[in-house]
Every structure is written in structure tokens, then in C-alpha cells.
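K.L.:
Before I ask anything, here is the structure I am working with.
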Amino acid sequence: MKFESIIKAKPLGGWFIELTDKQTGMSVVCDTIDEYMTKIEEMGAAYGPDIEVEWKQGEGVIPAYINEIRGLMQKYQDEMGLGEG
């Protein structure tokens with residue numbers, strides 16, 4: 001099952017992630033990585049472990065936001081014991 005995650009810039013600075021279930025069209029806005037991980041777990045529960053996430057970048061997203069999100073995702077995965085290796 002496919003999910004789409006679009007990193008978008010807030011008008012006054014910062015970022016958020018718009019998460020969309022491609023099958024149902026349901027979409028939620030996540031302001032933190034914890035919120036994002038909770039929502040993708042909730043939305044993906046019906047599909048089991050076989051989900052795919054397609055990442056996109058919205059207009060106005062600066063490289064610093066991408067790097068911040070990557071770092072936060074890695075930290076979350078490490079804390080949850082989900083890291084590879």
C-alpha cells in the first residue's frame with residue numbers, strides 16, 4: 001500500500017508533513033516527527049507491514065528542512081530500535 005509524504009514549508013518558517021493514504025485519499029497534517037510516525041502507524045495498521053512511502057518536497061522547502069527531518073527520522077528509528085544494521 002502506498003502513502004505519500006510531502007514536506008511543506010510553513011508561511012512563517014518551519015515545516016510540516018502532509019501524509020496521504022493513496023488508496024483512500026485520507027490526508028493528515030503532521031507538525032512533528034512523533035506525530036507523523038503515530039499517524040502513519042495508525043493509517044497503515046489496516047495494511048499490515050507491507051506499506052511503501054513516497055516522499056516529495058513542496059514549494060519553498062529549503063535543504064535545512066530536509067536535513068532536519070532526516071535527522072529526526074533517524075533519531076526516532078534509533079530510539080525505537082528500528083534502525084538498520
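Letters A, B, ... go to the chains of the C-alpha cells in the order shown; residues in each chain start at 1; ligands are counted from 1 in the same order.
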Write out as a ChimeraX atom specification the residues lying within 10 Å of Glu18 (chain A), counting only C-alpha atoms and excluding same-chain residues fewer than 5 positions away.

P.N.:
/A:4-8,27-31,36,56,58

K.L.:
Out of region 23-76 of chain A, which residues get alpha helix (DSSP H) from DSSP, as a compact mmCIF listing (two decimals) with C-alpha atoms, in the first residue's frame?

P.N.:
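Below you can see out26.txt, which holds the result:
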# COMPACT_ATOMS: atom_id res chain seq x y z
CA ILE A 33 8.13 13.50 13.56
CA ASP A 34 6.43 11.85 16.56
CA GLU A 35 3.04 12.91 15.22
CA TYR A 36 3.98 11.69 11.73
CA MET A 37 5.12 8.29 12.99
CA THR A 38 1.96 7.89 15.06
CA LYS A 39 -0.29 8.79 12.13
CA ILE A 40 1.46 6.54 9.62
CA GLU A 41 1.23 3.67 12.10
CA GLU A 42 -2.49 4.31 12.65
CA MET A 43 -3.29 4.78 8.96
CA GLY A 44 -1.13 1.82 7.89
CA PRO A 63 17.56 21.95 2.28
CA ALA A 64 17.83 22.65 6.02
CA TYR A 65 14.25 21.36 6.50
CA ILE A 66 15.04 18.16 4.59
CA ASN A 67 18.18 17.60 6.67
CA GLU A 68 16.32 18.31 9.91
CA ILE A 69 13.58 15.81 9.04
CA ARG A 70 16.13 13.15 8.03
CA GLY A 71 17.96 13.61 11.33
CA LEU A 72 14.74 13.47 13.36
CA MET A 73 13.60 10.33 11.49
CA GLN A 74 16.95 8.65 12.16
CA LYS A 75 16.82 9.62 15.84
CA TYR A 76 13.26 8.29 16.13

K.L.:
Which distance in Å separates CA of Met80 (chain A) and CA of Gly14 (chain A), to one decimal?

P.N.:
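Distance reported for this atom pair: 24.9 Å.
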
K.L.:
Which value, in Å to one decimal, gives the distance between CA of Ala46 (chain A) and CA of Thr20 (chain A)?

P.N.:
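Interatomic distance here is 14.5 Å.
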
K.L.:
So, counting only C-alpha atoms, which residue among A:Ala9, A:Met26, A:Asp78, A:Thr32 is closest to Gln57 (chain A)?

P.N.:
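Of A:Ala9, A:Met26, A:Asp78, A:Thr32, the one nearest Gln57 (chain A), counting only C-alpha atoms, is A:Ala9.
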
K.L.:
Determine which residues of chain A DSSP labels as strand (DSSP E or B) from the backbone of this structure, then write them out as a count of residues only.

P.N.:
25
